[in-house]
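The data block below is coords_28.cif; it holds mmCIF, C-alpha atoms.
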data_final
#
loop_
_atom_site.label_atom_id
_atom_site.label_comp_id
_atom_site.auth_asym_id
_atom_site.auth_seq_id
_atom_site.Cartn_x
_atom_site.Cartn_y
_atom_site.Cartn_z
CA MET Q 1 10.56 -25.91 -30.29
CA ALA Q 2 9.73 -23.42 -32.99
CA THR Q 3 6.79 -21.12 -32.35
CA ASP Q 4 3.86 -21.81 -34.65
CA LEU Q 5 3.27 -18.36 -36.14
CA SER Q 6 -0.22 -19.31 -37.29
CA LEU Q 7 -1.17 -19.34 -33.61
CA ALA Q 8 0.42 -15.96 -32.89
CA ILE Q 9 -1.53 -13.29 -31.08
CA SER Q 10 -3.37 -11.05 -33.53
CA LYS Q 11 -1.90 -7.69 -34.42
CA GLU Q 12 -5.06 -6.14 -33.07
CA VAL Q 13 -4.62 -7.70 -29.62
CA ALA Q 14 -0.90 -6.91 -29.54
CA GLY Q 15 -1.76 -3.31 -30.42
CA ARG Q 16 -4.41 -3.22 -27.69
CA ILE Q 17 -1.90 -4.44 -25.09
CA ARG Q 18 0.52 -1.70 -26.07
CA GLU Q 19 -2.21 0.92 -26.12
CA ILE Q 20 -3.63 0.03 -22.68
CA SER Q 21 -0.24 -0.41 -21.03
CA GLY Q 22 1.75 2.24 -22.89
CA GLN Q 23 4.66 -0.20 -22.68
CA ASN Q 24 6.84 -1.89 -25.29
CA PRO Q 25 7.57 -5.50 -24.28
CA ASN Q 26 10.24 -5.74 -26.98
CA LEU Q 27 12.54 -3.62 -24.82
CA CYS Q 28 12.85 -6.59 -22.42
CA MET Q 29 16.29 -8.23 -22.49
CA GLN Q 30 15.19 -11.25 -20.42
CA CYS Q 31 17.46 -10.58 -17.45
CA GLY Q 32 14.93 -11.96 -14.93
CA THR Q 33 15.14 -9.13 -12.38
CA CYS Q 34 11.33 -8.94 -12.38
CA SER Q 35 10.97 -12.65 -11.64
CA ALA Q 36 13.55 -12.52 -8.88
CA SER Q 37 11.75 -9.57 -7.25
CA CYS Q 38 8.17 -10.77 -7.70
CA THR Q 39 5.75 -11.11 -4.76
CA GLY Q 40 3.47 -13.63 -6.46
CA ILE Q 41 6.05 -15.80 -8.19
CA GLY Q 42 5.41 -18.86 -5.99
CA LYS Q 43 1.87 -19.14 -7.31
CA MET Q 44 2.54 -18.25 -10.95
CA ASP Q 45 2.52 -20.67 -13.88
CA PHE Q 46 4.89 -18.46 -15.88
CA LEU Q 47 7.46 -16.13 -14.34
CA PRO Q 48 7.10 -12.43 -15.13
CA ARG Q 49 10.13 -12.72 -17.44
CA GLN Q 50 8.36 -15.54 -19.29
CA VAL Q 51 5.18 -13.47 -19.59
CA LEU Q 52 7.30 -10.76 -21.23
CA ARG Q 53 8.84 -13.36 -23.56
CA LYS Q 54 5.39 -14.60 -24.52
CA LEU Q 55 4.43 -11.04 -25.37
CA GLN Q 56 7.56 -10.66 -27.52
CA LEU Q 57 6.76 -13.90 -29.35
CA GLY Q 58 3.07 -13.07 -29.74
CA ASP Q 59 2.01 -16.20 -27.86
CA PRO Q 60 -1.79 -15.97 -27.40
CA GLY Q 61 -1.48 -18.16 -24.27
CA VAL Q 62 -0.27 -15.06 -22.46
CA LEU Q 63 -3.90 -14.00 -22.03
CA GLN Q 64 -4.78 -17.29 -20.32
CA CYS Q 65 -1.91 -17.63 -17.88
CA ARG Q 66 -2.53 -17.70 -14.13
CA SER Q 67 0.35 -15.29 -13.47
CA ILE Q 68 -1.61 -12.20 -14.49
CA TRP Q 69 -4.22 -12.98 -11.80
CA VAL Q 70 -1.81 -13.55 -8.89
CA CYS Q 71 0.11 -10.32 -9.57
CA THR Q 72 -0.36 -8.06 -6.54
CA ALA Q 73 0.44 -4.85 -8.48
CA CYS Q 74 3.12 -4.15 -5.87
CA LEU Q 75 5.28 -2.50 -8.57
CA THR Q 76 8.54 -4.07 -7.39
CA CYS Q 77 9.23 -5.32 -10.94
CA THR Q 78 8.42 -1.88 -12.32
CA ALA Q 79 10.76 -0.22 -9.82
CA ARG Q 80 13.65 -2.55 -10.64
CA CYS Q 81 13.42 -3.19 -14.41
CA PRO Q 82 16.77 -2.08 -15.87
CA ARG Q 83 15.06 -1.48 -19.22
CA GLY Q 84 12.51 0.86 -17.68
CA ILE Q 85 9.48 -1.26 -18.58
CA ASP Q 86 6.45 -0.75 -16.33
CA ILE Q 87 5.76 -4.48 -16.14
CA ALA Q 88 2.82 -4.01 -13.77
CA ARG Q 89 1.09 -2.02 -16.51
CA LEU Q 90 1.54 -4.91 -18.96
CA MET Q 91 0.04 -7.30 -16.38
CA GLU Q 92 -2.87 -4.88 -15.96
CA ALA Q 93 -3.40 -4.70 -19.73
CA LEU Q 94 -3.60 -8.50 -19.90
CA ARG Q 95 -6.15 -8.47 -17.07
CA ALA Q 96 -8.09 -5.59 -18.64
CA ILE Q 97 -8.46 -7.38 -21.99
CA ASN Q 98 -9.87 -10.40 -20.12
CA LEU Q 99 -12.10 -8.39 -17.80
CA ARG Q 100 -13.56 -6.38 -20.68
CA LYS Q 101 -14.68 -9.68 -22.20
CA GLY Q 102 -16.19 -10.74 -18.88
CA ASN Q 103 -13.41 -13.16 -17.94
CA GLU Q 104 -12.92 -12.67 -14.21
CA VAL Q 105 -11.40 -14.66 -11.36
CA LEU Q 106 -12.82 -13.03 -8.23
CA VAL Q 107 -16.51 -13.51 -7.55
CA LEU Q 108 -18.13 -12.52 -4.28
CA GLU Q 109 -19.76 -15.90 -3.71
CA LYS Q 110 -16.39 -17.64 -3.58
CA ILE Q 111 -14.97 -15.47 -0.79
CA PRO Q 112 -15.51 -17.15 2.60
CA PRO Q 113 -18.23 -15.17 4.47
CA GLU Q 114 -16.16 -15.14 7.67
CA LEU Q 115 -13.34 -13.45 5.74
CA ILE Q 116 -15.65 -10.79 4.30
CA LYS Q 117 -16.69 -9.87 7.85
CA GLU Q 118 -13.08 -9.33 8.89
CA VAL Q 119 -11.18 -7.84 5.94
CA PRO Q 120 -10.60 -4.11 5.56
CA GLN Q 121 -12.93 -2.52 2.97
CA MET Q 122 -9.90 -1.54 0.91
CA ALA Q 123 -9.11 -5.21 0.24
CA LEU Q 124 -12.56 -5.79 -1.23
CA THR Q 125 -12.48 -2.63 -3.34
CA SER Q 126 -8.99 -3.18 -4.69
CA GLY Q 127 -9.55 -6.92 -5.19
CA PHE Q 128 -12.71 -6.39 -7.21
CA ARG Q 129 -11.16 -3.56 -9.19
CA LYS Q 130 -8.24 -5.74 -10.22
CA LEU Q 131 -9.81 -9.16 -10.55
CA SER Q 132 -13.50 -8.93 -11.40
CA ALA Q 133 -15.35 -7.71 -14.46
CA MET X 1 -2.33 24.53 12.80
CA ARG X 2 -5.26 23.06 10.84
CA ILE X 3 -4.70 20.92 7.77
CA PRO X 4 -7.45 19.37 5.58
CA TYR X 5 -7.71 15.62 6.18
CA PHE X 6 -9.03 12.71 4.14
CA PRO X 7 -9.54 9.66 6.37
CA GLY X 8 -10.70 7.10 3.76
CA CYS X 9 -13.23 4.28 4.05
CA THR X 10 -11.25 1.70 5.95
CA LEU X 11 -10.35 4.21 8.66
CA TYR X 12 -14.04 4.72 9.34
CA SER X 13 -14.55 1.09 10.26
CA ARG X 14 -11.95 -1.69 10.24
CA ALA X 15 -8.99 0.60 10.89
CA LYS X 16 -10.70 3.01 13.27
CA ASN X 17 -7.65 2.77 15.50
CA LEU X 18 -5.51 4.26 12.72
CA ASP X 19 -7.91 7.19 12.35
CA ASP X 20 -8.24 7.73 16.11
CA SER X 21 -4.53 7.49 16.82
CA THR X 22 -3.59 9.74 13.85
CA ARG X 23 -5.97 12.50 14.92
CA ALA X 24 -5.03 12.20 18.59
CA ALA X 25 -1.27 12.10 18.07
CA LEU X 26 -1.24 15.05 15.67
CA ALA X 27 -3.59 17.00 17.98
CA ALA X 28 -1.07 16.47 20.78
CA LEU X 29 1.47 18.10 18.45
CA ASP X 30 -0.89 21.08 17.92
CA ILE X 31 -1.99 19.97 14.47
CA THR X 32 -5.75 19.69 13.97
CA LEU X 33 -6.78 17.43 11.12
CA ALA X 34 -9.85 19.08 9.60
CA GLU X 35 -11.82 16.34 7.86
CA LEU X 36 -13.10 17.32 4.40
CA PRO X 37 -16.81 18.19 4.62
CA GLN X 38 -17.60 15.74 1.82
CA TRP X 39 -15.64 12.78 0.58
CA THR X 40 -16.02 9.36 -1.02
CA CYS X 41 -13.83 6.28 -1.33
CA CYS X 42 -10.66 7.20 -3.25
CA GLY X 43 -10.91 4.13 -5.47
CA VAL X 44 -8.13 2.32 -3.56
CA ALA X 45 -6.27 0.86 -6.54
CA PHE X 46 -4.75 3.31 -9.01
CA PRO X 47 -5.76 2.08 -12.48
CA LEU X 48 -2.65 0.92 -14.32
CA ALA X 49 -4.58 0.73 -17.60
CA GLN X 50 -3.85 4.03 -19.32
CA ASP X 51 -7.36 4.36 -20.74
CA ASN X 52 -9.17 3.77 -17.44
CA TYR X 53 -10.04 7.34 -16.48
CA ILE X 54 -13.24 6.36 -14.70
CA GLY X 55 -11.03 4.63 -12.12
CA MET X 56 -9.43 8.00 -11.36
CA VAL X 57 -12.58 10.11 -11.05
CA ALA X 58 -13.20 9.51 -7.34
CA ALA X 59 -9.68 10.51 -6.38
CA ALA X 60 -9.81 13.52 -8.72
CA ARG X 61 -13.02 14.72 -7.07
CA ILE X 62 -11.47 14.42 -3.60
CA LEU X 63 -8.42 16.41 -4.77
CA ALA X 64 -10.57 19.11 -6.39
CA ASN X 65 -12.72 19.42 -3.25
CA ALA X 66 -9.59 19.61 -1.10
CA ALA X 67 -8.31 22.46 -3.28
CA LYS X 68 -11.41 24.46 -2.29
CA ALA X 69 -10.37 24.21 1.37
CA GLY X 70 -7.66 26.70 0.39
CA ASP X 71 -4.81 25.25 2.40
CA GLY X 72 -3.01 23.69 -0.55
CA ARG X 73 -2.40 20.48 1.37
CA LEU X 74 -4.39 17.33 2.06
CA VAL X 75 -3.29 14.87 4.73
CA THR X 76 -4.07 11.20 4.39
CA VAL X 77 -2.51 8.34 6.33
CA CYS X 78 -3.72 5.12 4.66
CA SER X 79 -0.98 4.01 2.25
CA PHE X 80 -3.47 3.10 -0.49
CA CYS X 81 -5.30 6.44 -0.25
CA TYR X 82 -1.96 8.25 -0.26
CA ASN X 83 -0.82 6.31 -3.32
CA VAL X 84 -3.95 6.74 -5.42
CA LEU X 85 -4.42 10.43 -4.53
CA LYS X 86 -0.79 11.20 -5.33
CA ARG X 87 -0.79 9.23 -8.57
CA VAL X 88 -4.03 10.77 -9.84
CA ASN X 89 -2.73 14.21 -8.95
CA TYR X 90 0.49 13.43 -10.82
CA ALA X 91 -1.56 12.34 -13.86
CA ILE X 92 -3.58 15.58 -13.78
CA LYS X 93 -0.41 17.65 -13.57
CA ASN X 94 1.62 15.78 -16.18
CA ASN X 95 -0.86 14.30 -18.64
CA PRO X 96 -2.96 16.88 -20.50
CA GLU X 97 -5.45 14.24 -21.64
CA ALA X 98 -5.98 13.05 -18.06
CA LYS X 99 -6.45 16.62 -16.90
CA GLU X 100 -9.02 17.39 -19.58
CA LYS X 101 -10.99 14.16 -19.26
CA LEU X 102 -11.11 14.20 -15.46
CA ASN X 103 -12.16 17.85 -15.39
CA ASN X 104 -14.89 17.04 -17.91
CA TYR X 105 -16.17 14.33 -15.57
CA LEU X 106 -16.00 16.63 -12.56
CA GLU X 107 -17.19 19.80 -14.27
CA GLU X 108 -14.32 21.54 -12.50
CA ASN X 109 -11.15 23.34 -13.49
CA TYR X 110 -8.71 21.49 -11.25
CA GLN X 111 -5.04 21.83 -12.20
CA GLY X 112 -3.40 19.53 -9.66
CA GLU X 113 -2.75 22.18 -7.01
CA THR X 114 -3.49 19.97 -3.99
CA GLY X 115 -0.34 18.69 -2.31
CA VAL X 116 -1.05 15.28 -0.79
CA VAL X 117 1.00 14.76 2.36
CA HIS X 118 1.43 11.86 4.75
CA PRO X 119 1.43 12.42 8.53
CA LEU X 120 5.04 11.17 8.61
CA GLU X 121 5.94 14.07 6.31
CA VAL X 122 3.82 16.50 8.36
CA ILE X 123 5.62 15.42 11.52
CA ARG X 124 9.03 15.80 9.89
CA ASP X 125 8.30 19.13 8.17
CA GLU X 126 5.88 20.92 10.52
CA VAL X 127 6.92 19.61 13.93
CA GLY X 128 10.47 18.42 13.34
CA LEU X 129 11.98 15.19 14.56
CA LYS X 130 14.12 17.02 17.13
CA ASN X 131 11.03 18.57 18.67
CA ILE X 132 9.36 15.17 18.70
CA ALA X 133 12.37 13.76 20.51
CA SER X 134 12.20 16.43 23.19
CA LYS X 135 8.41 16.04 23.59
CA ALA X 136 8.48 12.25 23.72
CA GLY X 137 11.47 12.15 26.01
CA GLY X 138 12.75 8.83 24.70
CA ARG X 139 9.76 7.07 26.25
CA LEU X 140 9.91 4.08 23.88
CA LYS X 141 13.48 3.37 24.95
CA GLY X 142 14.42 -0.25 24.54
CA LEU X 143 11.53 -1.12 22.21
CA LYS X 144 12.87 -2.87 19.12
CA VAL X 145 10.70 -2.21 16.09
CA ALA X 146 10.72 -3.36 12.46
CA CYS X 147 9.44 -0.50 10.29
CA TYR X 148 7.40 -1.93 7.44
CA TYR X 149 6.42 0.33 4.54
CA GLY X 150 5.06 -2.21 2.06
CA CYS X 151 4.37 -1.09 -1.51
CA MET X 152 1.93 1.75 -1.80
CA LEU X 153 3.73 4.27 0.37
CA VAL X 154 6.92 4.13 -1.68
CA ARG X 155 6.19 2.99 -5.26
CA PRO X 156 6.39 4.26 -7.90
CA ALA X 157 9.04 6.60 -6.51
CA ALA X 158 8.78 9.18 -9.31
CA GLU X 159 5.09 9.76 -8.52
CA VAL X 160 4.72 9.24 -4.76
CA ALA X 161 8.15 10.76 -3.97
CA PHE X 162 8.21 9.44 -0.42
CA GLY X 163 11.92 8.68 -0.39
CA ASP X 164 14.15 5.90 -1.62
CA PRO X 165 11.79 3.18 -2.93
CA GLU X 166 14.19 0.44 -1.81
CA ASN X 167 15.22 1.97 1.50
CA PRO X 168 12.84 4.56 2.90
CA VAL X 169 13.93 5.74 6.37
CA LEU X 170 11.37 8.25 7.64
CA MET X 171 9.51 5.81 9.86
CA GLU X 172 12.79 4.65 11.41
CA GLU X 173 13.77 8.27 12.04
CA LEU X 174 10.48 8.90 13.83
CA MET X 175 10.78 5.72 15.91
CA ALA X 176 14.36 6.63 16.85
CA ALA X 177 13.15 10.11 17.87
CA LEU X 178 10.67 8.41 20.21
CA GLY X 179 13.53 6.46 21.78
CA ALA X 180 12.71 3.14 20.10
CA ASP X 181 15.36 1.03 18.44
CA PRO X 182 14.53 0.34 14.74
CA VAL X 183 16.14 -2.91 13.62
CA ASP X 184 17.79 -3.26 10.23
CA PHE X 185 14.93 -4.65 8.17
CA PRO X 186 15.56 -5.46 4.50
CA TRP X 187 11.95 -6.70 4.16
CA LYS X 188 10.61 -3.19 4.73
CA THR X 189 9.39 -2.64 1.16
CA LYS X 190 8.30 -6.21 0.36
CA CYS X 191 4.65 -6.70 -0.50
CA CYS X 192 2.41 -8.48 2.03
CA GLY X 193 0.29 -10.00 -0.74
CA SER X 194 -2.33 -7.24 -0.59
CA TYR X 195 -5.79 -7.97 -2.03
CA GLN X 196 -4.67 -11.44 -3.11
CA LEU X 197 -5.98 -12.43 0.32
CA LEU X 198 -9.34 -12.77 -1.46
CA ASN X 199 -8.07 -14.70 -4.48
CA ALA X 200 -4.82 -16.52 -3.57
CA SER X 201 -4.66 -16.46 0.22
CA ASP X 202 -1.84 -19.04 0.27
CA LEU X 203 0.30 -16.38 -1.40
CA VAL X 204 -0.44 -13.99 1.47
CA THR X 205 0.36 -16.76 3.96
CA ASP X 206 3.84 -17.14 2.46
CA ARG X 207 4.54 -13.41 2.39
CA VAL X 208 3.28 -12.90 5.97
CA ARG X 209 5.50 -15.72 7.16
CA ASP X 210 8.54 -14.24 5.37
CA ILE X 211 7.99 -10.77 6.79
CA VAL X 212 7.18 -11.89 10.34
CA ASP X 213 10.09 -14.33 10.45
CA ALA X 214 12.47 -11.65 9.15
CA ALA X 215 11.30 -9.22 11.84
CA LEU X 216 11.61 -11.84 14.59
CA ALA X 217 15.04 -12.94 13.38
CA ARG X 218 16.26 -9.37 13.81
CA GLY X 219 14.97 -9.22 17.35
CA ALA X 220 12.02 -6.92 16.68
CA GLN X 221 9.26 -6.84 19.31
CA ALA X 222 6.74 -5.09 17.06
CA ILE X 223 6.17 -4.41 13.37
CA VAL X 224 5.21 -0.81 12.61
CA THR X 225 3.24 0.23 9.52
CA SER X 226 0.91 2.88 8.09
CA CYS X 227 -1.19 0.66 5.83
CA PRO X 228 -4.44 -0.88 7.09
CA LEU X 229 -4.19 -3.75 4.59
CA CYS X 230 -0.57 -4.59 5.53
CA GLN X 231 -1.63 -4.33 9.18
CA PHE X 232 -4.53 -6.72 8.65
CA ASN X 233 -2.63 -9.25 6.56
CA LEU X 234 0.28 -9.35 9.01
CA ASP X 235 -1.84 -9.26 12.18
CA TRP X 236 -4.83 -11.44 11.23
CA GLY X 237 -2.56 -13.58 9.06
CA GLN X 238 -0.41 -14.56 12.04
CA GLU X 239 -3.52 -15.82 13.82
CA LYS X 240 -5.39 -17.39 10.90
CA LEU X 241 -3.06 -18.15 8.00
CA VAL X 242 0.38 -19.11 9.29
CA PRO X 243 0.47 -22.62 10.82
CA GLN X 244 0.57 -22.41 14.59
CA ASN X 245 2.08 -25.79 15.40
CA ASN X 246 5.79 -24.99 15.45
CA GLY X 247 5.88 -22.72 18.47
CA ARG X 248 6.32 -19.65 16.30
CA PRO X 249 6.21 -16.55 18.47
CA LYS X 250 3.74 -13.84 17.49
CA ILE X 251 4.61 -10.22 16.99
CA PRO X 252 2.19 -7.30 17.37
CA VAL X 253 1.63 -5.16 14.27
CA LEU X 254 1.09 -1.52 15.22
CA TYR X 255 0.46 1.73 13.40
CA PHE X 256 3.24 4.29 13.81
CA THR X 257 0.61 6.70 15.09
CA GLN X 258 -0.25 4.35 17.97
CA LEU X 259 3.38 4.29 19.11
CA LEU X 260 3.66 8.04 18.64
CA GLY X 261 0.54 8.47 20.77
CA ALA X 262 1.89 6.13 23.45
CA ALA X 263 5.18 8.05 23.53
CA LEU X 264 3.23 11.30 23.90
CA GLU X 265 1.41 9.65 26.85
CA LEU X 266 -2.03 9.84 25.28
CA PRO X 267 -4.71 7.75 26.99
CA ALA X 268 -4.66 4.16 25.67
CA GLU X 269 -8.39 4.24 24.81
CA LYS X 270 -7.64 6.86 22.11
CA LEU X 271 -5.10 4.58 20.48
CA GLY X 272 -7.21 1.45 19.90
CA PHE X 273 -4.80 -1.20 21.18
CA GLY X 274 -7.79 -3.47 21.81
CA GLN X 275 -8.55 -3.78 18.07
CA HIS X 276 -5.64 -6.10 17.24
CA TYR X 277 -5.54 -9.86 16.69
CA VAL X 278 -2.06 -10.22 18.20
CA ASP X 279 -2.58 -8.23 21.40
CA PRO X 280 0.10 -5.51 21.74
CA ARG X 281 -0.88 -4.61 25.33
CA PRO X 282 1.43 -7.05 27.15
CA LEU X 283 4.39 -5.59 25.22
CA LEU X 284 3.26 -2.02 25.79
CA SER X 285 2.71 -2.59 29.49
CA VAL X 286 6.38 -3.65 29.74
CA VAL X 287 7.38 -0.50 27.85
CA GLY X 288 5.02 1.50 30.08
CA ARG X 289 6.70 0.19 33.22
CA GLN X 290 10.04 1.20 31.76
CA MET X 291 8.56 4.63 31.03
CA SER X 292 7.49 5.12 34.64
CA ASP X 293 10.90 3.85 35.79
CA VAL X 294 12.52 6.52 33.61
CA ARG X 295 10.36 9.20 35.19
CA ARG X 296 11.23 8.02 38.70
#
Encoded form (structure tokens):
Amino acid sequence: MATDLSLAISKEVAGRIREISGQNPNLCMQCGTCSASCTGIGKMDFLPRQVLRKLQLGDPGVLQCRSIWVCTACLTCTARCPRGIDIARLMEALRAINLRKGNEVLVLEKIPPELIKEVPQMALTSGFRKLSA
Amino acid sequence: MRIPYFPGCTLYSRAKNLDDSTRAALAALDITLAELPQWTCCGVAFPLAQDNYIGMVAAARILANAAKAGDGRLVTVCSFCYNVLKRVNYAIKNNPEAKEKLNNYLEENYQGETGVVHPLEVIRDEVGLKNIASKAGGRLKGLKVACYYGCMLVRPAAEVAFGDPENPVLMEELMAALGADPVDFPWKTKCCGSYQLLNASDLVTDRVRDIVDAALARGAQAIVTSCPLCQFNLDWGQEKLVPQNNGRPKIPVLYFTQLLGAALELPAEKLGFGQHYVDPRPLLSVVGRQMSDVRR
């Protein structure tokens, strides 16, 4: 199916993604090493390789996909990318653009109270830094 | 020898046993960890957004304060603290904009002179693994361990420089020096699911199951780590996340400092073995009996 260019991500947003991440998604050759290495892949709607493809095509849906929110920022993709793309930084840029508009996925009220009592503080701090506005 | 020390938030509460066992084990090796007089949370997660300098300020302040201690080094044991302190220091050293902006926040003139070191590196470089072996006398002989590094201790390799990001070996070398038998463990740098425990806990369930099953399949009796979040996910996760109905055996998840302390015959109450979900004491009592057999 041909991509409808009228729906493409705006130049401004594409520029923002590159500015925040410092990465060029067009270097990706779609080998799939990132997807094969990914911690969160089982819970993603689009594989990391597909997220990169969406960025190359300018698909605005890339900002709405679940994958960016189940990334654990473990940097395995970044460590293994044969094209040297820091994929975790692209994922962070997609989160940052959402979070700066107030779109967040982690809210305190939704975390089970019994879990909050048990978890290490570092889980709360890192979770809120990555996933809440 | 005294070295400045940054414990971090989690070590003051949920991972008190990591703090206690790190201080006690290094003290037994004549290294006093001198806690910084003032410190805050390091920020935990290094900001991957290039323009997010505010997310680096806390770590920068800790590094600048540590520089005033005059030693040139700062020890920290939590993998997340180690990662964020090293990465922020790398940014200050290599990115002029980061250096200028962070110093403007801090009202300091910090140039990145603090060398962040992990206790594993201190043990290797200041004590020496051969010395450890002679002090510990092979007291963990027969204990099969799976050394688990996770993510933050090893990635990104260019910035944290802890060793091969796919196959770090320092923890295995220490365990071998203590007499333990580190199993071949290809899962050693897999991610445990991290903070997704709060957002997608089923993801953490899957990763915990993978890692625990891989350790058990290789005959490990304990998983060894340095990260309080890995420790929690693997330990608590075995009790609360992974289904219990298939007779799956449980495996204790210990800090390397606890095993080092045990091998140095430190009193158990300094090592916090009671703070685990999967109780390591039955296993350690077996090892302890072997230890006393060795001495007889």
Target residues per the PyMOL selection byres ((chain X and resi 266) around 12), formatted as number ranges by chain: X: 20-29, 136, 257-265, 267-272, 288
Closest of Q:Ser21, Q:Asn103, Q:Gln30, Q:Ser10 to chain X - atom-to-atom distances counting all atoms listed in the file: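 Counting all atoms listed in the file, the residue closest to chain X is Q:Ser21.
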Exactly which residues make up the result of the PyMOL selection byres ((chain X) within 9 of (chain Q)) on this file, given as a tab-separated table (two decimals) with C-alpha atoms, in the frame of the given file?
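Okay, this is what ended up in part_34.tsv:
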chain	number	residue	atom	x	y	z
X	9	CYS	CA	-13.23	4.28	4.05
X	10	THR	CA	-11.25	1.70	5.95
X	11	LEU	CA	-10.35	4.21	8.66
X	13	SER	CA	-14.55	1.09	10.26
X	14	ARG	CA	-11.95	-1.69	10.24
X	15	ALA	CA	-8.99	0.60	10.89
X	43	GLY	CA	-10.91	4.13	-5.47
X	44	VAL	CA	-8.13	2.32	-3.56
X	45	ALA	CA	-6.27	0.86	-6.54
X	46	PHE	CA	-4.75	3.31	-9.01
X	47	PRO	CA	-5.76	2.08	-12.48
X	48	LEU	CA	-2.65	0.92	-14.32
X	49	ALA	CA	-4.58	0.73	-17.60
X	50	GLN	CA	-3.85	4.03	-19.32
X	51	ASP	CA	-7.36	4.36	-20.74
X	52	ASN	CA	-9.17	3.77	-17.44
X	55	GLY	CA	-11.03	4.63	-12.12
X	80	PHE	CA	-3.47	3.10	-0.49
X	150	GLY	CA	5.06	-2.21	2.06
X	151	CYS	CA	4.37	-1.09	-1.51
X	152	MET	CA	1.93	1.75	-1.80
X	155	ARG	CA	6.19	2.99	-5.26
X	156	PRO	CA	6.39	4.26	-7.90
X	157	ALA	CA	9.04	6.60	-6.51
X	165	PRO	CA	11.79	3.18	-2.93
X	166	GLU	CA	14.19	0.44	-1.81
X	189	THR	CA	9.39	-2.64	1.16
X	190	LYS	CA	8.30	-6.21	0.36
X	191	CYS	CA	4.65	-6.70	-0.50
X	192	CYS	CA	2.41	-8.48	2.03
X	193	GLY	CA	0.29	-10.00	-0.74
X	194	SER	CA	-2.33	-7.24	-0.59
X	195	TYR	CA	-5.79	-7.97	-2.03
X	196	GLN	CA	-4.67	-11.44	-3.11
X	197	LEU	CA	-5.98	-12.43	0.32
X	198	LEU	CA	-9.34	-12.77	-1.46
X	199	ASN	CA	-8.07	-14.70	-4.48
X	200	ALA	CA	-4.82	-16.52	-3.57
X	202	ASP	CA	-1.84	-19.04	0.27
X	203	LEU	CA	0.30	-16.38	-1.40
X	204	VAL	CA	-0.44	-13.99	1.47
X	206	ASP	CA	3.84	-17.14	2.46
X	207	ARG	CA	4.54	-13.41	2.39
X	228	PRO	CA	-4.44	-0.88	7.09
X	229	LEU	CA	-4.19	-3.75	4.59
X	232	PHE	CA	-4.53	-6.72	8.65
X	233	ASN	CA	-2.63	-9.25	6.56
X	236	TRP	CA	-4.83	-11.44	11.23
Reference answer for the PyMOL selection byres ((chain Q and resi 62) around 10), as a ChimeraX atom specification: /Q:9,46,50-55,57-61,63-68,91,94
One-decimal distance in Å that lies between CA of Tyr255 (chain X) and CA of Gly70 (chain X):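 According to the coordinates, CA of Gly70 (chain X) and CA of Tyr255 (chain X) are separated by 29.3 Å.
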Residue among X:Pro37, X:Gly128, X:Pro119, X:Pro4 lying closest to Arg73 (chain X), counting all atoms listed in the file: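 Between X:Pro37, X:Gly128, X:Pro119, X:Pro4, the residue approaching Arg73 (chain X) most closely is X:Pro4.
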Please determine an axis-aligned box that encloses all atoms of region 112-131 of chain X listed in the file, with 3 Å added on each side, and express its centre and edge lengths in Å to one decimal as AutoDock Vina command-line options.
--center_x 5.3 --center_y 16.7 --center_z 4.5 --size_x 23.6 --size_y 17.0 --size_z 34.3
Neighbours of point (14.3, -8.7, 10.2) within 12 Å, using all atoms listed in the file, written as a PyMOL selection string: chain X and resi 144-148+182-190+209-223+251
For CA of Glu172 (chain X) and CA of Asn83 (chain X), the interatomic separation in Å (one decimal):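 CA of Asn83 (chain X) lies at a distance of 20.1 Å from CA of Glu172 (chain X).
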Two-atom distance - CA of Val160 (chain X), CA of Leu254 (chain X) (Å):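 According to the coordinates, CA of Val160 (chain X) and CA of Leu254 (chain X) are separated by 23.0 Å.
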Within-9 Å shell of (-0.1, 5.5, 3.4) in input frame, all atoms listed in the file, as a list of chain:residue names: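 The residues that fall inside the cut-off are X:Thr76, X:Val77, X:Cys78, X:Ser79, X:Phe80, X:Cys81, X:Tyr82, X:Asn83, X:His118, X:Pro119, X:Tyr149, X:Met152, X:Leu153, X:Val154, X:Thr225, X:Ser226, X:Cys227, X:Pro228.
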Among the residues X:Asn17, X:Trp39, X:Leu241, X:Asp235, the one that comes closest to Asp279 (chain X) [using all atoms listed in the file]: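 Among the listed residues, X:Asp235 lies closest to Asp279 (chain X).
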